[in-house]
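Pasted below: model.txt, compact mmCIF, C-alpha atoms and all ligand atoms.
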```
# COMPACT_ATOMS: atom_id res chain seq x y z
CA MET A 1 57.60 12.67 24.93
CA PRO A 2 59.71 13.93 22.01
CA ASP A 3 61.34 11.51 19.57
CA SER A 4 64.73 10.13 20.40
CA LEU A 5 67.55 8.48 18.52
CA LYS A 6 68.88 5.25 19.97
CA ILE A 7 72.61 4.82 19.33
CA LYS A 8 74.33 1.82 20.92
CA GLY A 9 71.71 1.91 23.71
CA PHE A 10 72.23 5.62 24.35
CA GLU A 11 68.89 7.47 24.06
CA VAL A 12 69.53 10.88 22.46
CA TYR A 13 66.77 13.51 22.66
CA GLN A 14 67.75 16.24 20.22
CA GLY A 15 66.36 19.71 20.88
CA PHE A 16 64.74 18.58 24.13
CA LEU A 17 65.02 22.04 25.72
CA SER A 18 63.67 25.26 24.26
CA PRO A 19 65.97 28.33 24.11
CA GLU A 20 64.04 29.79 27.07
CA GLU A 21 64.50 26.60 29.11
CA GLN A 22 68.23 26.64 28.29
CA GLU A 23 68.52 30.28 29.47
CA LEU A 24 66.80 29.43 32.75
CA LEU A 25 69.07 26.43 33.31
CA VAL A 26 72.17 28.57 32.74
CA GLN A 27 70.93 31.08 35.33
CA GLU A 28 70.31 28.27 37.81
CA ILE A 29 73.74 26.76 37.19
CA ARG A 30 75.36 30.18 37.66
CA GLU A 31 73.66 30.30 41.06
CA VAL A 32 75.00 26.80 41.91
CA ALA A 33 78.51 27.90 40.89
CA ARG A 34 78.23 31.06 42.99
CA LYS A 35 77.65 28.90 46.09
CA ALA A 36 79.95 26.02 45.09
CA PRO A 37 82.63 27.44 42.76
CA PHE A 38 84.04 25.49 39.82
CA PHE A 39 87.34 23.79 40.67
CA SER A 40 90.00 22.14 38.51
CA PRO A 41 90.13 18.45 39.38
CA VAL A 42 93.11 16.11 39.05
CA THR A 43 92.89 12.39 38.39
CA PRO A 44 94.16 9.90 41.00
CA SER A 45 97.42 9.67 39.00
CA GLY A 46 97.84 13.44 39.37
CA LYS A 47 96.91 14.45 35.83
CA PRO A 48 94.84 17.67 35.65
CA MET A 49 91.46 17.24 33.95
CA SER A 50 90.73 19.79 31.25
CA VAL A 51 87.15 20.41 32.42
CA ARG A 52 86.33 22.49 35.47
CA MET A 53 83.64 21.04 37.72
CA THR A 54 81.26 21.46 40.59
CA SER A 55 78.12 19.66 41.75
CA ALA A 56 74.65 20.15 43.16
CA GLY A 57 72.71 17.66 45.28
CA ARG A 58 73.20 15.53 48.37
CA LEU A 59 76.49 14.27 46.94
CA GLY A 60 79.02 15.68 44.50
CA TRP A 61 81.52 13.81 42.36
CA VAL A 62 85.14 14.68 43.02
CA THR A 63 88.57 13.42 42.04
CA ASP A 64 92.02 14.10 43.46
CA ARG A 65 95.09 12.07 44.47
CA ARG A 66 92.83 10.12 46.86
CA GLY A 67 90.67 8.79 44.02
CA TYR A 68 87.35 9.12 42.22
CA ARG A 69 84.41 9.30 44.62
CA TYR A 70 81.26 11.05 45.81
CA GLU A 71 81.55 13.49 48.72
CA ASP A 72 78.90 15.36 50.69
CA ARG A 73 80.99 18.55 50.58
CA HIS A 74 82.76 20.72 48.05
CA PRO A 75 86.60 20.51 48.29
CA ASP A 76 86.45 23.96 49.99
CA GLY A 77 84.20 22.53 52.72
CA MET A 78 80.75 23.88 51.91
CA PRO A 79 77.76 21.59 51.35
CA TRP A 80 76.67 21.29 47.71
CA PRO A 81 73.70 23.49 46.71
CA SER A 82 70.46 21.66 46.01
CA ILE A 83 69.67 20.48 42.50
CA PRO A 84 67.68 23.22 40.70
CA ALA A 85 63.99 22.49 40.10
CA SER A 86 64.29 22.90 36.34
CA VAL A 87 66.99 20.20 36.30
CA LEU A 88 64.85 17.79 38.33
CA LYS A 89 62.01 18.40 35.88
CA ILE A 90 64.18 17.02 33.05
CA TRP A 91 65.07 13.95 35.13
CA ASN A 92 61.37 13.34 35.82
CA ALA A 93 60.54 13.62 32.13
CA VAL A 94 63.15 11.16 30.80
CA ALA A 95 64.47 8.91 33.57
CA ALA A 96 61.40 6.74 34.29
CA SER A 97 62.56 6.55 37.91
CA GLU A 98 60.74 6.97 41.23
CA ARG A 99 64.06 7.87 42.77
CA ALA A 100 65.39 11.44 42.55
CA PRO A 101 69.06 11.87 41.62
CA ASP A 102 71.60 12.33 44.43
CA CYS A 103 74.05 14.27 42.31
CA CYS A 104 74.05 16.76 39.47
CA LEU A 105 77.65 16.94 38.28
CA VAL A 106 78.39 20.18 36.42
CA ASN A 107 81.26 20.12 33.92
CA PHE A 108 82.49 23.24 32.16
CA TYR A 109 84.37 22.80 28.88
CA GLY A 110 86.52 25.72 27.75
CA GLU A 111 87.90 25.93 24.21
CA THR A 112 90.36 23.03 24.48
CA ALA A 113 88.64 20.84 27.07
CA LYS A 114 87.71 17.24 26.40
CA MET A 115 86.93 14.10 28.37
CA GLY A 116 88.57 10.74 27.72
CA MET A 117 86.59 7.53 27.28
CA HIS A 118 85.36 6.29 30.66
CA GLN A 119 82.51 4.52 32.43
CA ASP A 120 80.36 6.16 35.11
CA LYS A 121 80.87 3.52 37.78
CA ASP A 122 81.51 5.25 41.10
CA GLU A 123 77.86 4.84 42.07
CA ILE A 124 76.84 2.02 44.41
CA ARG A 125 74.10 0.65 42.16
CA PHE A 126 73.51 0.90 38.44
CA GLU A 127 69.81 0.29 37.91
CA TRP A 128 69.08 3.98 37.41
CA PRO A 129 70.13 5.83 34.28
CA VAL A 130 72.60 8.69 34.09
CA VAL A 131 70.94 11.66 32.37
CA SER A 132 73.15 14.15 30.55
CA ILE A 133 72.10 17.70 29.57
CA SER A 134 74.13 19.79 27.10
CA LEU A 135 74.23 23.60 27.16
CA GLY A 136 76.28 25.98 25.02
CA ASP A 137 78.82 24.94 22.42
CA GLU A 138 78.46 21.70 20.45
CA ALA A 139 80.43 18.66 21.60
CA LEU A 140 81.59 15.58 19.76
CA PHE A 141 80.28 12.82 22.04
CA ARG A 142 81.70 9.34 21.54
CA MET A 143 79.75 6.25 22.53
CA GLY A 144 81.44 2.90 23.08
CA ASN A 145 80.78 -0.39 24.78
CA PRO A 146 80.53 -1.84 28.29
CA GLU A 147 83.90 -3.50 27.66
CA ARG A 148 86.98 -1.45 26.76
CA GLY A 149 87.64 -0.86 23.08
CA GLY A 150 85.52 -2.05 20.17
CA LYS A 151 83.56 0.04 17.71
CA THR A 152 82.34 3.48 18.71
CA GLU A 153 79.84 5.91 17.25
CA SER A 154 79.92 9.68 17.62
CA ILE A 155 77.35 12.45 17.52
CA TRP A 156 77.62 16.23 17.80
CA LEU A 157 75.55 17.13 20.87
CA LYS A 158 73.97 20.57 20.63
CA SER A 159 72.70 22.95 23.27
CA GLY A 160 69.40 21.63 24.61
CA ASP A 161 70.08 17.97 23.78
CA VAL A 162 69.52 15.37 26.50
CA VAL A 163 71.10 11.89 26.57
CA VAL A 164 69.85 9.03 28.73
CA MET A 165 72.44 6.37 29.54
CA GLY A 166 70.41 3.52 30.95
CA GLY A 167 69.94 -0.21 30.49
CA ASP A 168 72.70 -1.64 28.32
CA ALA A 169 74.30 1.80 27.97
CA ARG A 170 74.48 2.48 31.70
CA LEU A 171 78.01 1.12 31.98
CA ALA A 172 79.08 1.82 28.41
CA HIS A 173 82.26 3.80 27.81
CA HIS A 174 81.75 7.36 26.57
CA GLY A 175 83.68 10.60 26.24
CA VAL A 176 83.94 14.00 24.59
CA ASP A 177 86.60 14.33 21.87
CA ARG A 178 86.31 18.10 21.49
CA ILE A 179 83.92 21.01 21.46
CA ARG A 180 83.18 23.42 18.63
CA PHE A 181 84.15 26.59 20.47
CA GLY A 182 81.90 29.55 19.66
CA SER A 183 79.20 27.44 17.96
CA SER A 184 76.53 28.58 20.43
CA ARG A 185 75.68 31.98 21.84
CA LEU A 186 74.06 30.66 25.01
CA LEU A 187 77.11 31.27 27.23
CA THR A 188 78.43 34.82 27.09
CA HIS A 189 82.08 33.82 26.81
CA GLY A 190 81.55 30.58 24.90
CA GLY A 191 82.26 27.05 26.06
CA ARG A 192 79.99 24.23 27.10
CA ILE A 193 78.24 23.14 30.26
CA ASN A 194 77.26 19.52 30.70
CA LEU A 195 75.09 18.36 33.57
CA THR A 196 74.92 14.69 34.52
CA LEU A 197 72.27 13.50 36.94
CA ARG A 198 73.17 10.41 38.93
CA VAL A 199 71.57 8.22 41.56
CA VAL A 200 74.44 7.08 43.76
CA GLY A 201 72.34 4.54 45.68
O1 LIG B 301 80.13 16.15 28.76
C1 LIG B 301 79.51 15.14 28.43
O2 LIG B 301 78.71 15.14 27.49
C2 LIG B 301 79.73 13.85 29.19
C3 LIG B 301 80.21 14.06 30.58
C4 LIG B 301 80.48 12.78 31.30
O3 LIG B 301 80.52 11.73 30.72
C5 LIG B 301 80.71 12.77 32.75
O4 LIG B 301 80.72 13.84 33.38
O5 LIG B 301 80.87 11.67 33.31
MN MN B 302 80.50 10.00 32.10
```

Please render this file's structure as structure tokens.
Ligand SMILES: O=C(O)CCC(=O)C(=O)O
Ligand SMILES: [Mn+2]
Amino acid sequence: MPDSLKIKGFEVYQGFLSPEEQELLVQEIREVARKAPFFSPVTPSGKPMSVRMTSAGRLGWVTDRRGYRYEDRHPDGMPWPSIPASVLKIWNAVAASERAPDCCLVNFYGETAKMGMHQDKDEIRFEWPVVSISLGDEALFRMGNPERGGKTESIWLKSGDVVVMGGDARLAHHGVDRIRFGSSRLLTHGGRINLTLRVVG
């Protein structure tokens, strides 16, 4: 197991994936997005999110005027594609869990996309970690606390980094302030892909 940094309970594995592994993941995510196209979600209050998203797995995470939730179908009606094998391999390496994830949420960050501070709490149970995989441009990832507010720490996540949000960090607030557009050459047109693996329960 490679070394990790522990920041506020978040386990950060820098350089977890080789360039070849990152290329393969991008190909597999392109295939997921071919079957289940990226869509532009809106929050329950009607505000458009700046990321585009899709999912793989038994369940996908969606948001619209009806709320944040997991659904067994894409908003266009098709079932979600299965989670690629190379993604499951990362889960098996870092999650210390017998249980496979139900959902691989795929977020695409274009030049100006960001994600506000939030908790991942739409799952039914929280004893499994959420595992996050970064591909493409660097992102300023902010880590907070289980309660709202308080001190935060930030780290630039690079392509190939993996973050495990488990234990005390499972319900900690986190978000992405901005990306450094064009900092990676992994994605042809720039931008960032983040995958989060979740057991819904
Ligand atoms: O993009 C990231 O690094 C984090 C994404 C995230 O927190 C989420 O999708 O819930
Ligand atoms: Mn999250």

Nearby residues, ligand MN 302 (chain B), 7 Å, only C-alpha atoms and all ligand atoms, as a list in words: His118, Gln119, Asp120, His174 and Gly175 of chain A

Name the residues, by chain letter and number, that sit within 10 Å of ligand LIG 301 (chain B) using only C-alpha atoms and all ligand atoms, and give them as a CSV table (one decimal) with C-alpha atoms, in the frame of the given file.
```
chain,number,residue,atom,x,y,z
A,51,VAL,CA,87.2,20.4,32.4
A,53,MET,CA,83.6,21.0,37.7
A,61,TRP,CA,81.5,13.8,42.4
A,104,CYS,CA,74.0,16.8,39.5
A,105,LEU,CA,77.6,16.9,38.3
A,106,VAL,CA,78.4,20.2,36.4
A,107,ASN,CA,81.3,20.1,33.9
A,108,PHE,CA,82.5,23.2,32.2
A,109,TYR,CA,84.4,22.8,28.9
A,113,ALA,CA,88.6,20.8,27.1
A,114,LYS,CA,87.7,17.2,26.4
A,115,MET,CA,86.9,14.1,28.4
A,116,GLY,CA,88.6,10.7,27.7
A,117,MET,CA,86.6,7.5,27.3
A,118,HIS,CA,85.4,6.3,30.7
A,119,GLN,CA,82.5,4.5,32.4
A,120,ASP,CA,80.4,6.2,35.1
A,121,LYS,CA,80.9,3.5,37.8
A,130,VAL,CA,72.6,8.7,34.1
A,131,VAL,CA,70.9,11.7,32.4
A,132,SER,CA,73.2,14.2,30.6
A,133,ILE,CA,72.1,17.7,29.6
A,134,SER,CA,74.1,19.8,27.1
A,135,LEU,CA,74.2,23.6,27.2
A,138,GLU,CA,78.5,21.7,20.4
A,139,ALA,CA,80.4,18.7,21.6
A,140,LEU,CA,81.6,15.6,19.8
A,141,PHE,CA,80.3,12.8,22.0
A,142,ARG,CA,81.7,9.3,21.5
A,143,MET,CA,79.8,6.2,22.5
A,156,TRP,CA,77.6,16.2,17.8
A,157,LEU,CA,75.6,17.1,20.9
A,158,LYS,CA,74.0,20.6,20.6
A,161,ASP,CA,70.1,18.0,23.8
A,162,VAL,CA,69.5,15.4,26.5
A,163,VAL,CA,71.1,11.9,26.6
A,165,MET,CA,72.4,6.4,29.5
A,173,HIS,CA,82.3,3.8,27.8
A,174,HIS,CA,81.8,7.4,26.6
A,175,GLY,CA,83.7,10.6,26.2
A,176,VAL,CA,83.9,14.0,24.6
A,177,ASP,CA,86.6,14.3,21.9
A,178,ARG,CA,86.3,18.1,21.5
A,179,ILE,CA,83.9,21.0,21.5
A,192,ARG,CA,80.0,24.2,27.1
A,193,ILE,CA,78.2,23.1,30.3
A,194,ASN,CA,77.3,19.5,30.7
A,195,LEU,CA,75.1,18.4,33.6
A,196,THR,CA,74.9,14.7,34.5
A,197,LEU,CA,72.3,13.5,36.9
A,198,ARG,CA,73.2,10.4,38.9
```

Two-atom distance - atom CA of Trp80 of chain A, atom CA of Pro101 of chain A (Å): 13.6 Å

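Contact shell of Ala169 of chain A at 10 Å (only C-alpha atoms; same-chain neighbours under 5 positions omitted): Ile7, Lys8, Gly9, Phe10, Glu11, Gln119, Pro129, Val130, Met143, Gly144, Asn145, Pro146, Val164 and His174 of chain A.
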
Using only C-alpha atoms: which of A:Arg58, A:Glu23, A:Pro48, A:Arg73 has the shortest distance to Ser86 of chain A: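 Between A:Arg58, A:Glu23, A:Pro48, A:Arg73, the residue approaching Ser86 of chain A most closely is A:Glu23.
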
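Nearest residue to Arg125 of chain A among A:Ile90, A:Gly160, A:Val199, A:Leu24 is A:Val199, counting only C-alpha atoms.
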
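Each of A:Arg180, A:Lys6, A:Arg99, A:Lys151 was compared to Val200 of chain A using all atoms listed in the file, and A:Arg99 turns out to be the nearest.
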
Residue with smallest distance to Arg65 of chain A - pool A:Ala172, A:Ala33, A:Ala93, A:Val42, counting all atoms listed in the file: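 Once distances to Arg65 of chain A are computed over all atoms listed in the file, the minimum belongs to A:Val42.
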
Point-to-point distance from atom CA of Val32 of chain A to atom CA of Pro81 of chain A, Å rounded to tenths: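 Rounded to one decimal, the two atoms are 6.0 Å apart.
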
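Atom CA of Glu123 of chain A sits 16.1 Å away from atom CA of Asp168 of chain A.
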
Which residue of A:Gly166, A:Gly110, A:Pro19, A:Gly57 approaches Ala85 of chain A most closely, using all atoms listed in the file: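 Result for the nearest residue to Ala85 of chain A: A:Gly57.
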
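Contact shell of Glu31 of chain A at 12 Å (only C-alpha atoms; same-chain neighbours under 3 positions omitted): A:Leu24, A:Leu25, A:Val26, A:Gln27, A:Glu28, A:Arg34, A:Lys35, A:Ala36, A:Pro37, A:Phe38, A:Thr54, A:Ser55, A:Ala56, A:Trp80, A:Pro81, A:Ser82, A:Ile83, A:Pro84.
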
Nearby residues (all atoms listed in the file) at most 7 Å from Gly191 of chain A, same-chain spacing under 6 positions excluded, as a PyMOL selection string: chain A and resi 109-111+136-137+181-182

Put those residues in a file: C-alpha atoms, as an mmCIF file, in the frame of the given file.
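Saved result, out26.cif, follows:
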```
data_model
loop_
_atom_site.group_PDB
_atom_site.id
_atom_site.type_symbol
_atom_site.label_atom_id
_atom_site.label_comp_id
_atom_site.auth_asym_id
_atom_site.auth_seq_id
_atom_site.Cartn_x
_atom_site.Cartn_y
_atom_site.Cartn_z
ATOM 1 C CA TYR A 109 84.370 22.800 28.880
ATOM 2 C CA GLY A 110 86.520 25.720 27.750
ATOM 3 C CA GLU A 111 87.900 25.930 24.210
ATOM 4 C CA GLY A 136 76.280 25.980 25.020
ATOM 5 C CA ASP A 137 78.820 24.940 22.420
ATOM 6 C CA PHE A 181 84.150 26.590 20.470
ATOM 7 C CA GLY A 182 81.900 29.550 19.660
#
```

Among the residues A:Pro79, A:Pro2, A:Phe126, A:Glu20, the one that comes closest to Gly167 of chain A [using all atoms listed in the file]: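 The shortest atom-to-atom distance to Gly167 of chain A comes from A:Phe126.
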
Since the input has fewer atoms than a full residue there, write segment 65-99 of chain A out with N, CA and C atoms, as a PDB file, keeping the file's coordinate frame.
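Output file out14.pdb is given in full below:
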```
ATOM      1  N   ARG A  65      94.121  13.152  44.287  1.00  0.00           N
ATOM      2  CA  ARG A  65      95.090  12.070  44.470  1.00  0.00           C
ATOM      3  C   ARG A  65      94.511  10.911  45.275  1.00  0.00           C
ATOM      4  N   ARG A  66      93.448  11.182  46.047  1.00  0.00           N
ATOM      5  CA  ARG A  66      92.830  10.120  46.860  1.00  0.00           C
ATOM      6  C   ARG A  66      91.836   9.275  46.079  1.00  0.00           C
ATOM      7  N   GLY A  67      91.528   9.655  44.843  1.00  0.00           N
ATOM      8  CA  GLY A  67      90.670   8.790  44.020  1.00  0.00           C
ATOM      9  C   GLY A  67      89.388   9.454  43.559  1.00  0.00           C
ATOM     10  N   TYR A  68      88.665   8.707  42.733  1.00  0.00           N
ATOM     11  CA  TYR A  68      87.350   9.120  42.220  1.00  0.00           C
ATOM     12  C   TYR A  68      86.313   8.747  43.275  1.00  0.00           C
ATOM     13  N   ARG A  69      85.417   9.642  43.614  1.00  0.00           N
ATOM     14  CA  ARG A  69      84.410   9.300  44.620  1.00  0.00           C
ATOM     15  C   ARG A  69      83.325  10.362  44.721  1.00  0.00           C
ATOM     16  N   TYR A  70      82.281  10.054  45.470  1.00  0.00           N
ATOM     17  CA  TYR A  70      81.260  11.050  45.810  1.00  0.00           C
ATOM     18  C   TYR A  70      81.546  11.555  47.220  1.00  0.00           C
ATOM     19  N   GLU A  71      81.347  12.855  47.407  1.00  0.00           N
ATOM     20  CA  GLU A  71      81.550  13.490  48.720  1.00  0.00           C
ATOM     21  C   GLU A  71      80.353  14.361  49.035  1.00  0.00           C
ATOM     22  N   ASP A  72      80.045  14.509  50.338  1.00  0.00           N
ATOM     23  CA  ASP A  72      78.900  15.360  50.690  1.00  0.00           C
ATOM     24  C   ASP A  72      79.298  16.832  50.835  1.00  0.00           C
ATOM     25  N   ARG A  73      80.557  17.146  50.544  1.00  0.00           N
ATOM     26  CA  ARG A  73      80.990  18.550  50.580  1.00  0.00           C
ATOM     27  C   ARG A  73      81.906  18.881  49.403  1.00  0.00           C
ATOM     28  N   HIS A  74      81.841  20.130  49.025  1.00  0.00           N
ATOM     29  CA  HIS A  74      82.760  20.720  48.050  1.00  0.00           C
ATOM     30  C   HIS A  74      84.186  20.628  48.614  1.00  0.00           C
ATOM     31  N   PRO A  75      85.221  20.541  47.767  1.00  0.00           N
ATOM     32  CA  PRO A  75      86.600  20.510  48.290  1.00  0.00           C
ATOM     33  C   PRO A  75      86.915  21.687  49.238  1.00  0.00           C
ATOM     34  N   ASP A  76      86.227  22.828  49.079  1.00  0.00           N
ATOM     35  CA  ASP A  76      86.450  23.960  49.990  1.00  0.00           C
ATOM     36  C   ASP A  76      85.666  23.840  51.288  1.00  0.00           C
ATOM     37  N   GLY A  77      84.858  22.788  51.437  1.00  0.00           N
ATOM     38  CA  GLY A  77      84.200  22.530  52.720  1.00  0.00           C
ATOM     39  C   GLY A  77      82.723  22.844  52.799  1.00  0.00           C
ATOM     40  N   MET A  78      82.179  23.553  51.813  1.00  0.00           N
ATOM     41  CA  MET A  78      80.750  23.880  51.910  1.00  0.00           C
ATOM     42  C   MET A  78      79.897  22.728  51.386  1.00  0.00           C
ATOM     43  N   PRO A  79      78.655  22.595  51.921  1.00  0.00           N
ATOM     44  CA  PRO A  79      77.760  21.590  51.350  1.00  0.00           C
ATOM     45  C   PRO A  79      77.404  21.965  49.918  1.00  0.00           C
ATOM     46  N   TRP A  80      77.070  21.008  49.092  1.00  0.00           N
ATOM     47  CA  TRP A  80      76.670  21.290  47.710  1.00  0.00           C
ATOM     48  C   TRP A  80      75.299  21.954  47.717  1.00  0.00           C
ATOM     49  N   PRO A  81      75.050  22.906  46.832  1.00  0.00           N
ATOM     50  CA  PRO A  81      73.700  23.490  46.710  1.00  0.00           C
ATOM     51  C   PRO A  81      72.708  22.425  46.246  1.00  0.00           C
ATOM     52  N   SER A  82      71.406  22.682  46.469  1.00  0.00           N
ATOM     53  CA  SER A  82      70.460  21.660  46.010  1.00  0.00           C
ATOM     54  C   SER A  82      70.312  21.700  44.482  1.00  0.00           C
ATOM     55  N   ILE A  83      69.823  20.590  43.954  1.00  0.00           N
ATOM     56  CA  ILE A  83      69.670  20.480  42.500  1.00  0.00           C
ATOM     57  C   ILE A  83      68.508  21.391  42.074  1.00  0.00           C
ATOM     58  N   PRO A  84      68.744  22.290  41.116  1.00  0.00           N
ATOM     59  CA  PRO A  84      67.680  23.220  40.700  1.00  0.00           C
ATOM     60  C   PRO A  84      66.421  22.488  40.209  1.00  0.00           C
ATOM     61  N   ALA A  85      65.275  23.103  40.470  1.00  0.00           N
ATOM     62  CA  ALA A  85      63.990  22.490  40.100  1.00  0.00           C
ATOM     63  C   ALA A  85      63.893  22.201  38.605  1.00  0.00           C
ATOM     64  N   SER A  86      64.418  23.097  37.786  1.00  0.00           N
ATOM     65  CA  SER A  86      64.290  22.900  36.340  1.00  0.00           C
ATOM     66  C   SER A  86      65.127  21.699  35.872  1.00  0.00           C
ATOM     67  N   VAL A  87      66.165  21.372  36.627  1.00  0.00           N
ATOM     68  CA  VAL A  87      66.990  20.200  36.300  1.00  0.00           C
ATOM     69  C   VAL A  87      66.242  18.921  36.693  1.00  0.00           C
ATOM     70  N   LEU A  88      65.625  18.959  37.874  1.00  0.00           N
ATOM     71  CA  LEU A  88      64.850  17.790  38.330  1.00  0.00           C
ATOM     72  C   LEU A  88      63.684  17.495  37.387  1.00  0.00           C
ATOM     73  N   LYS A  89      63.138  18.555  36.816  1.00  0.00           N
ATOM     74  CA  LYS A  89      62.010  18.400  35.880  1.00  0.00           C
ATOM     75  C   LYS A  89      62.447  17.563  34.661  1.00  0.00           C
ATOM     76  N   ILE A  90      63.662  17.778  34.202  1.00  0.00           N
ATOM     77  CA  ILE A  90      64.180  17.020  33.050  1.00  0.00           C
ATOM     78  C   ILE A  90      64.353  15.547  33.441  1.00  0.00           C
ATOM     79  N   TRP A  91      64.920  15.329  34.622  1.00  0.00           N
ATOM     80  CA  TRP A  91      65.070  13.950  35.130  1.00  0.00           C
ATOM     81  C   TRP A  91      63.694  13.259  35.141  1.00  0.00           C
ATOM     82  N   ASN A  92      62.704  13.948  35.707  1.00  0.00           N
ATOM     83  CA  ASN A  92      61.370  13.340  35.820  1.00  0.00           C
ATOM     84  C   ASN A  92      60.775  13.024  34.447  1.00  0.00           C
ATOM     85  N   ALA A  93      61.112  13.827  33.462  1.00  0.00           N
ATOM     86  CA  ALA A  93      60.540  13.620  32.130  1.00  0.00           C
ATOM     87  C   ALA A  93      61.197  12.444  31.394  1.00  0.00           C
ATOM     88  N   VAL A  94      62.470  12.178  31.633  1.00  0.00           N
ATOM     89  CA  VAL A  94      63.150  11.160  30.800  1.00  0.00           C
ATOM     90  C   VAL A  94      63.639   9.925  31.551  1.00  0.00           C
ATOM     91  N   ALA A  95      63.748   9.994  32.880  1.00  0.00           N
ATOM     92  CA  ALA A  95      64.470   8.910  33.570  1.00  0.00           C
ATOM     93  C   ALA A  95      63.606   7.710  33.927  1.00  0.00           C
ATOM     94  N   ALA A  96      62.278   7.841  33.895  1.00  0.00           N
ATOM     95  CA  ALA A  96      61.400   6.740  34.290  1.00  0.00           C
ATOM     96  C   ALA A  96      61.862   6.149  35.624  1.00  0.00           C
ATOM     97  N   SER A  97      62.032   7.000  36.609  1.00  0.00           N
ATOM     98  CA  SER A  97      62.560   6.550  37.910  1.00  0.00           C
ATOM     99  C   SER A  97      61.780   7.211  39.029  1.00  0.00           C
ATOM    100  N   GLU A  98      61.406   6.438  40.036  1.00  0.00           N
ATOM    101  CA  GLU A  98      60.740   6.970  41.230  1.00  0.00           C
ATOM    102  C   GLU A  98      61.744   7.766  42.056  1.00  0.00           C
ATOM    103  N   ARG A  99      62.986   7.365  41.926  1.00  0.00           N
ATOM    104  CA  ARG A  99      64.060   7.870  42.770  1.00  0.00           C
ATOM    105  C   ARG A  99      64.578   9.171  42.170  1.00  0.00           C
TER     106      ARG A  99
END
```
